[in-house]
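Take a look at the structure set out below.
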Amino acid sequence: MSAVRIRGVGKRYTTATGETVTGLSPVSLSIEPGSFISIVGRSGCGKSTLLRLVAGLEQPTAGAVEIDGAPVAAPPDSVRYVFQNYAESLLPWKTVRENIRFGLRHAYALEGREADPRQWDAVIEEKLAEVGLHGISGRYPAELSGGMQQRVAIARALASRPRILLLDEPFSAVDALSRAKLQDLLLDVWRSHGLTILFVTHDIDEALYLSDRVIVLAPGGKGIEEDAPVTVSRPRDQIETRAHETYLNLRGEILHRVLQEGAPA
Ligand SMILES: Nc1ncnc2c1ncn2[C@@H]1O[C@H](COP(=O)(O)OP(=O)(O)OP(=O)(O)O)[C@@H](O)[C@H]1O
């Protein structure tokens, strides 16, 4: 069974002035459990709309999203969302420890387990270590670098034991070196937790490096333009993978297609 099934899902928005805007023309996609899928395309093509529909944060105006075979009417327990901006993923007025505790509470409540708060600090430190952070649990999100904030956002999401992780341009505000490290961290947690990941990015290289499949959305919310499998072997390596012939050919193909599109960037 697919982890996520998107059946003819489309979204039209009505603006405050009563205008109707196409967020996304109907698309259909089947996402296998444990796969890593990226969604790319020009600004305004409907990437975030698609992710929010899968997350149950918005309802489609056409079609339906199914998670593990069940229709999504509200944000499902098995799904977590990491945004570009930490202020959306984390609670800025809570420390890192309190933010992750929030995720843990959620997991314990779902599993009907009695939480023993005395054990939580150890689990929180374990989650932070998993994303390469140590000794920062007493800090507030604003006291961390952009890359560290996104590591905390990932740790918090992992603490609630999701099966599906949705990430909306999570690394676009960090420097290139931190970004490469975050990409490898995400591949590590994807593998070790057996997650299904849907990842929105503007960066075609990032999408190719991370994914099993890259979905290119057409400009103006017109739907899926290309669904390209990435056959480059795993584990991936920042230097070797990006120099691989298959990777470079696919990169050329997708860039060519995106650049050819008539709409302004
Ligand atoms: N709440 C909303 N109300 C009205 N229109 C919206 C709303 N959200 C999105 N849209 C419109 O839907 C279209 C798709 O928006 P969306 O944010 O999904 O694009 P995107 O591909 O994620 O863009 P970007 O790459 O710039 O983040 C755009 O035309 C946008 O203006």
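Numbering starts fresh at 1 for the residues of each chain in the structure tokens, the chains themselves are lettered A, B, ... in the order given, and ligands are numbered from 1 as they appear.
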With only C-alpha atoms and all ligand atoms counted and 10 Å as the cut-off, give the residues of chain A in contact with ligand 1, each with its shortest interatomic distance in Å and the pair that gives it, as a Markdown table.
```
| residue | atom | partner | partner_atom_place_in_ligand_line | distance |
| --- | --- | --- | --- | --- |
| A:Lys11 | CA | ligand 1 | 12 (O) | 8.1 |
| A:Arg12 | CA | ligand 1 | 12 (O) | 7.6 |
| A:Tyr13 | CA | ligand 1 | 4 (C) | 4.7 |
| A:Thr14 | CA | ligand 1 | 4 (C) | 5.8 |
| A:Thr15 | CA | ligand 1 | 4 (C) | 4.9 |
| A:Ala16 | CA | ligand 1 | 3 (N) | 7.9 |
| A:Thr17 | CA | ligand 1 | 4 (C) | 10.0 |
| A:Gly18 | CA | ligand 1 | 4 (C) | 9.8 |
| A:Glu19 | CA | ligand 1 | 4 (C) | 8.6 |
| A:Thr20 | CA | ligand 1 | 4 (C) | 7.8 |
| A:Val21 | CA | ligand 1 | 5 (N) | 5.7 |
| A:Thr22 | CA | ligand 1 | 12 (O) | 5.8 |
| A:Gly23 | CA | ligand 1 | 12 (O) | 3.4 |
| A:Leu24 | CA | ligand 1 | 14 (C) | 6.4 |
| A:Ser25 | CA | ligand 1 | 14 (C) | 9.9 |
| A:Ile39 | CA | ligand 1 | 21 (O) | 9.0 |
| A:Val40 | CA | ligand 1 | 21 (O) | 7.8 |
| A:Gly41 | CA | ligand 1 | 21 (O) | 6.4 |
| A:Arg42 | CA | ligand 1 | 25 (O) | 5.9 |
| A:Ser43 | CA | ligand 1 | 25 (O) | 3.5 |
| A:Gly44 | CA | ligand 1 | 19 (O) | 3.4 |
| A:Cys45 | CA | ligand 1 | 21 (O) | 3.9 |
| A:Gly46 | CA | ligand 1 | 18 (O) | 3.2 |
| A:Lys47 | CA | ligand 1 | 21 (O) | 3.9 |
| A:Ser48 | CA | ligand 1 | 22 (O) | 3.7 |
| A:Thr49 | CA | ligand 1 | 18 (O) | 3.6 |
| A:Leu50 | CA | ligand 1 | 18 (O) | 6.5 |
| A:Leu51 | CA | ligand 1 | 18 (O) | 8.1 |
| A:Arg52 | CA | ligand 1 | 18 (O) | 8.3 |
| A:Leu53 | CA | ligand 1 | 18 (O) | 9.8 |
| A:Glu58 | CA | ligand 1 | 1 (N) | 9.3 |
| A:Gln84 | CA | ligand 1 | 27 (O) | 9.8 |
| A:Asp168 | CA | ligand 1 | 22 (O) | 8.2 |
| A:Glu169 | CA | ligand 1 | 27 (O) | 8.2 |
| A:Val200 | CA | ligand 1 | 22 (O) | 7.8 |
| A:Thr201 | CA | ligand 1 | 25 (O) | 7.6 |
| A:His202 | CA | ligand 1 | 25 (O) | 6.5 |
| A:Leu217 | CA | ligand 1 | 21 (O) | 8.0 |
| A:Ala218 | CA | ligand 1 | 21 (O) | 9.3 |
| A:Pro219 | CA | ligand 1 | 21 (O) | 8.2 |
| A:Gly220 | CA | ligand 1 | 29 (O) | 6.6 |
| A:Gly221 | CA | ligand 1 | 14 (C) | 6.0 |
| A:Lys222 | CA | ligand 1 | 14 (C) | 9.9 |
```
Store the residues of this selection in a file with C-alpha atoms, as a PDB file, in the first residue's frame.
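Wrote part_8.pdb, looks like this:
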```pdb
ATOM      1  CA  LYS A  11      -6.721  23.638  -4.679  1.00  0.00           C
ATOM      2  CA  ARG A  12      -8.345  26.920  -5.589  1.00  0.00           C
ATOM      3  CA  TYR A  13      -8.078  29.814  -3.178  1.00  0.00           C
ATOM      4  CA  THR A  14     -10.445  32.721  -2.792  1.00  0.00           C
ATOM      5  CA  THR A  15      -8.564  35.877  -1.872  1.00  0.00           C
ATOM      6  CA  ALA A  16      -9.775  38.597   0.515  1.00  0.00           C
ATOM      7  CA  THR A  17     -10.977  40.595  -2.517  1.00  0.00           C
ATOM      8  CA  GLY A  18     -13.064  37.633  -3.742  1.00  0.00           C
ATOM      9  CA  GLU A  19     -10.703  36.682  -6.589  1.00  0.00           C
ATOM     10  CA  THR A  20     -10.255  32.963  -7.320  1.00  0.00           C
ATOM     11  CA  VAL A  21      -6.635  31.809  -7.580  1.00  0.00           C
ATOM     12  CA  THR A  22      -5.402  28.403  -8.721  1.00  0.00           C
ATOM     13  CA  GLY A  23      -3.049  27.095  -6.035  1.00  0.00           C
ATOM     14  CA  LEU A  24      -2.682  23.742  -7.752  1.00  0.00           C
ATOM     15  CA  SER A  25      -4.469  22.060 -10.659  1.00  0.00           C
ATOM     16  CA  ILE A  39       8.988  18.607  -5.192  1.00  0.00           C
ATOM     17  CA  VAL A  40      10.587  21.389  -7.232  1.00  0.00           C
ATOM     18  CA  GLY A  41       9.377  24.127  -9.555  1.00  0.00           C
ATOM     19  CA  ARG A  42       9.133  27.871  -9.939  1.00  0.00           C
ATOM     20  CA  SER A  43       7.857  30.159  -7.265  1.00  0.00           C
ATOM     21  CA  GLY A  44       4.062  30.001  -7.094  1.00  0.00           C
ATOM     22  CA  CYS A  45       3.761  26.611  -8.856  1.00  0.00           C
ATOM     23  CA  GLY A  46       1.991  25.084  -5.844  1.00  0.00           C
ATOM     24  CA  LYS A  47       4.766  23.229  -3.963  1.00  0.00           C
ATOM     25  CA  SER A  48       3.762  24.440  -0.490  1.00  0.00           C
ATOM     26  CA  THR A  49       0.095  24.053  -1.359  1.00  0.00           C
ATOM     27  CA  LEU A  50       0.658  20.388  -2.180  1.00  0.00           C
ATOM     28  CA  LEU A  51       2.591  19.829   1.054  1.00  0.00           C
ATOM     29  CA  ARG A  52      -0.057  21.562   3.177  1.00  0.00           C
ATOM     30  CA  LEU A  53      -2.760  19.433   1.558  1.00  0.00           C
ATOM     31  CA  GLU A  58      -5.648  22.669   4.204  1.00  0.00           C
ATOM     32  CA  GLN A  84      11.595  26.947   6.418  1.00  0.00           C
ATOM     33  CA  ASP A 168       9.099  22.869   3.197  1.00  0.00           C
ATOM     34  CA  GLU A 169      12.385  24.452   2.095  1.00  0.00           C
ATOM     35  CA  VAL A 200       9.977  20.932  -1.070  1.00  0.00           C
ATOM     36  CA  THR A 201      12.936  22.877  -2.415  1.00  0.00           C
ATOM     37  CA  HIS A 202      13.827  25.488  -5.032  1.00  0.00           C
ATOM     38  CA  LEU A 217       5.546  21.139 -10.909  1.00  0.00           C
ATOM     39  CA  ALA A 218       4.632  23.303 -13.893  1.00  0.00           C
ATOM     40  CA  PRO A 219       4.449  27.102 -13.471  1.00  0.00           C
ATOM     41  CA  GLY A 220       1.183  28.745 -12.498  1.00  0.00           C
ATOM     42  CA  GLY A 221      -0.111  25.770 -10.502  1.00  0.00           C
ATOM     43  CA  LYS A 222      -0.701  23.746 -13.690  1.00  0.00           C
TER      44      LYS A 222
END
```
Practice problem: Find the residues near Val27 (chain A): any atom within 9 Å, counting only C-alpha atoms, skip ones fewer than 2 places away on the same chain, and give them as a PyMOL selection string. | Solution: chain A and resi 6-10+24-25+29+63+222-224
Go ahead and save the residues from that selection, with C-alpha atoms, as a short mmCIF file (atom, residue, chain, number, x, y, z; two decimals), in the first residue's frame.
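Final file, out.cif:
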```
data_model
loop_
_atom_site.label_atom_id
_atom_site.label_comp_id
_atom_site.auth_asym_id
_atom_site.auth_seq_id
_atom_site.Cartn_x
_atom_site.Cartn_y
_atom_site.Cartn_z
CA ILE A 6 -2.81 11.83 -3.88
CA ARG A 7 -5.87 11.34 -6.07
CA GLY A 8 -6.75 14.19 -8.40
CA VAL A 9 -5.95 16.70 -5.66
CA GLY A 10 -6.35 20.36 -6.54
CA LEU A 24 -2.68 23.74 -7.75
CA SER A 25 -4.47 22.06 -10.66
CA LEU A 29 0.75 10.71 -7.09
CA GLY A 63 -9.80 15.07 -5.08
CA LYS A 222 -0.70 23.75 -13.69
CA GLY A 223 0.19 20.43 -12.08
CA ILE A 224 2.93 17.84 -12.57
#
```
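Each of A:Arg105, A:Asp188, A:Leu165, A:Glu225 was checked against Glu261 (chain A) using only C-alpha atoms; the smallest atom-to-atom distance is that of A:Glu225.
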Exercise. Determine, counting only C-alpha atoms, which protein, DNA and RNA residues have an atom within 12 Å of an atom of Arg179 (chain A); residues of the same chain fewer than 2 positions away are not included. Present the result as a list in words.
Key: Gly146, Gly147, Met148, Gln150, Arg151, Glu169, Pro170, Phe171, Ser172, Ala173, Val174, Asp175, Ala176, Leu177, Lys181, Leu182, Gln183, Asp184, Leu185, Leu186, Asp203, Asp205, Glu206 and Gln238 of chain A
Next, write the just-selected residues to a file, as a PDB file, in the first residue's frame, keeping N, CA and C atoms as the atom set.
```
ATOM      1  N   GLY A 146      20.790  29.398  12.291  1.00  0.00           N
ATOM      2  CA  GLY A 146      19.709  28.856  11.452  1.00  0.00           C
ATOM      3  C   GLY A 146      19.821  27.343  11.301  1.00  0.00           C
ATOM      4  N   GLY A 147      21.055  26.866  11.086  1.00  0.00           N
ATOM      5  CA  GLY A 147      21.259  25.427  10.910  1.00  0.00           C
ATOM      6  C   GLY A 147      20.914  24.657  12.181  1.00  0.00           C
ATOM      7  N   MET A 148      21.318  25.227  13.340  1.00  0.00           N
ATOM      8  CA  MET A 148      21.011  24.566  14.624  1.00  0.00           C
ATOM      9  C   MET A 148      19.503  24.544  14.867  1.00  0.00           C
ATOM     10  N   GLN A 150      17.194  24.365  12.682  1.00  0.00           N
ATOM     11  CA  GLN A 150      16.556  23.324  11.865  1.00  0.00           C
ATOM     12  C   GLN A 150      16.884  21.935  12.392  1.00  0.00           C
ATOM     13  N   ARG A 151      18.072  21.782  13.005  1.00  0.00           N
ATOM     14  CA  ARG A 151      18.379  20.491  13.644  1.00  0.00           C
ATOM     15  C   ARG A 151      17.411  20.248  14.804  1.00  0.00           C
ATOM     16  N   GLU A 169      11.164  23.649   2.230  1.00  0.00           N
ATOM     17  CA  GLU A 169      12.385  24.452   2.095  1.00  0.00           C
ATOM     18  C   GLU A 169      13.111  24.621   3.427  1.00  0.00           C
ATOM     19  N   PRO A 170      13.398  23.530   4.121  1.00  0.00           N
ATOM     20  CA  PRO A 170      13.920  23.664   5.483  1.00  0.00           C
ATOM     21  C   PRO A 170      15.330  24.232   5.561  1.00  0.00           C
ATOM     22  N   PHE A 171      16.099  24.112   4.458  1.00  0.00           N
ATOM     23  CA  PHE A 171      17.513  24.513   4.541  1.00  0.00           C
ATOM     24  C   PHE A 171      17.820  25.762   3.727  1.00  0.00           C
ATOM     25  N   SER A 172      16.786  26.454   3.240  1.00  0.00           N
ATOM     26  CA  SER A 172      17.070  27.536   2.299  1.00  0.00           C
ATOM     27  C   SER A 172      17.650  28.774   2.971  1.00  0.00           C
ATOM     28  N   ALA A 173      17.534  28.868   4.314  1.00  0.00           N
ATOM     29  CA  ALA A 173      18.059  30.074   4.962  1.00  0.00           C
ATOM     30  C   ALA A 173      19.426  29.837   5.604  1.00  0.00           C
ATOM     31  N   VAL A 174      20.056  28.687   5.337  1.00  0.00           N
ATOM     32  CA  VAL A 174      21.362  28.438   5.979  1.00  0.00           C
ATOM     33  C   VAL A 174      22.484  28.472   4.935  1.00  0.00           C
ATOM     34  N   ASP A 175      23.716  28.685   5.425  1.00  0.00           N
ATOM     35  CA  ASP A 175      24.856  28.786   4.500  1.00  0.00           C
ATOM     36  C   ASP A 175      25.133  27.448   3.815  1.00  0.00           C
ATOM     37  N   ALA A 176      25.910  27.491   2.725  1.00  0.00           N
ATOM     38  CA  ALA A 176      26.090  26.312   1.868  1.00  0.00           C
ATOM     39  C   ALA A 176      26.705  25.117   2.613  1.00  0.00           C
ATOM     40  N   LEU A 177      27.684  25.386   3.483  1.00  0.00           N
ATOM     41  CA  LEU A 177      28.339  24.277   4.178  1.00  0.00           C
ATOM     42  C   LEU A 177      27.382  23.618   5.177  1.00  0.00           C
ATOM     43  N   LYS A 181      25.690  19.702   5.283  1.00  0.00           N
ATOM     44  CA  LYS A 181      25.688  18.841   6.473  1.00  0.00           C
ATOM     45  C   LYS A 181      24.262  18.465   6.877  1.00  0.00           C
ATOM     46  N   LEU A 182      23.349  19.419   6.756  1.00  0.00           N
ATOM     47  CA  LEU A 182      21.942  19.141   7.093  1.00  0.00           C
ATOM     48  C   LEU A 182      21.344  18.117   6.120  1.00  0.00           C
ATOM     49  N   GLN A 183      21.744  18.211   4.876  1.00  0.00           N
ATOM     50  CA  GLN A 183      21.242  17.226   3.895  1.00  0.00           C
ATOM     51  C   GLN A 183      21.679  15.818   4.302  1.00  0.00           C
ATOM     52  N   ASP A 184      22.963  15.680   4.689  1.00  0.00           N
ATOM     53  CA  ASP A 184      23.448  14.342   5.076  1.00  0.00           C
ATOM     54  C   ASP A 184      22.797  13.875   6.372  1.00  0.00           C
ATOM     55  N   LEU A 185      22.562  14.825   7.282  1.00  0.00           N
ATOM     56  CA  LEU A 185      21.868  14.470   8.526  1.00  0.00           C
ATOM     57  C   LEU A 185      20.456  13.947   8.206  1.00  0.00           C
ATOM     58  N   LEU A 186      19.785  14.648   7.307  1.00  0.00           N
ATOM     59  CA  LEU A 186      18.420  14.228   6.964  1.00  0.00           C
ATOM     60  C   LEU A 186      18.418  12.835   6.327  1.00  0.00           C
ATOM     61  N   ASP A 203      15.854  24.180  -4.992  1.00  0.00           N
ATOM     62  CA  ASP A 203      17.194  23.828  -5.424  1.00  0.00           C
ATOM     63  C   ASP A 203      17.201  22.433  -6.063  1.00  0.00           C
ATOM     64  N   ASP A 205      19.616  20.758  -7.406  1.00  0.00           N
ATOM     65  CA  ASP A 205      20.736  19.920  -6.946  1.00  0.00           C
ATOM     66  C   ASP A 205      20.410  19.249  -5.627  1.00  0.00           C
ATOM     67  N   GLU A 206      19.816  20.025  -4.725  1.00  0.00           N
ATOM     68  CA  GLU A 206      19.449  19.465  -3.417  1.00  0.00           C
ATOM     69  C   GLU A 206      18.429  18.337  -3.594  1.00  0.00           C
ATOM     70  N   GLN A 238      28.508  13.833  -0.917  1.00  0.00           N
ATOM     71  CA  GLN A 238      28.410  15.209  -1.432  1.00  0.00           C
ATOM     72  C   GLN A 238      29.312  15.446  -2.640  1.00  0.00           C
TER      73      GLN A 238
END
```
Quiz item: CA of His256 (chain A) to CA of Leu167 (chain A): how many Å, to one decimal?
Solution: 25.3 Å
Quiz prompt | Surrounding residues of region 91-95 of chain A excluding itself and chain neighbours under 4 positions, 8 Å, only C-alpha atoms, as a PyMOL selection string | solution = chain A and resi 86-87+99+137-142
Could those selected residues go to a file with N, CA and C atoms, as a CSV table (one decimal), in the first residue's frame?
```
chain,number,residue,atom,x,y,z
A,86,TYR,N,12.2,28.6,11.6
A,86,TYR,CA,12.0,27.9,12.9
A,86,TYR,C,10.8,28.4,13.7
A,87,ALA,N,10.5,29.7,13.5
A,87,ALA,CA,9.4,30.2,14.3
A,87,ALA,C,8.1,29.5,14.0
A,99,ASN,N,10.7,22.4,23.9
A,99,ASN,CA,10.2,22.1,22.5
A,99,ASN,C,10.2,20.6,22.2
A,137,SER,N,20.3,22.4,25.3
A,137,SER,CA,18.9,22.2,25.6
A,137,SER,C,18.2,23.3,26.4
A,138,GLY,N,19.1,24.1,27.1
A,138,GLY,CA,18.5,25.2,27.9
A,138,GLY,C,18.3,26.5,27.1
A,139,ARG,N,18.8,26.5,25.9
A,139,ARG,CA,18.7,27.7,25.1
A,139,ARG,C,17.4,27.9,24.4
A,140,TYR,N,17.1,29.1,24.0
A,140,TYR,CA,15.9,29.4,23.3
A,140,TYR,C,16.2,29.4,21.8
A,141,PRO,N,15.3,29.0,20.9
A,141,PRO,CA,15.5,28.9,19.5
A,141,PRO,C,16.3,30.1,18.9
A,142,ALA,N,15.9,31.4,19.3
A,142,ALA,CA,16.5,32.6,18.7
A,142,ALA,C,18.0,32.7,19.1
```
Exercise. Enumerate, as a count of residues only, the complete set of residues in region 28-254 of chain A that a backbone-based DSSP assignment places in helix (DSSP H, G or I).
Key: 102
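With distances restricted to only C-alpha atoms, A:Asn85 is the closest residue to Ser145 (chain A) from A:Gln119, A:Ser160, A:Asn85, A:Ser211.
The smallest atom-to-atom distance between Leu198 (chain A) and any of A:Ile124, A:Pro229, A:Ile164, A:Glu143, using only C-alpha atoms, is found for A:Ile164.
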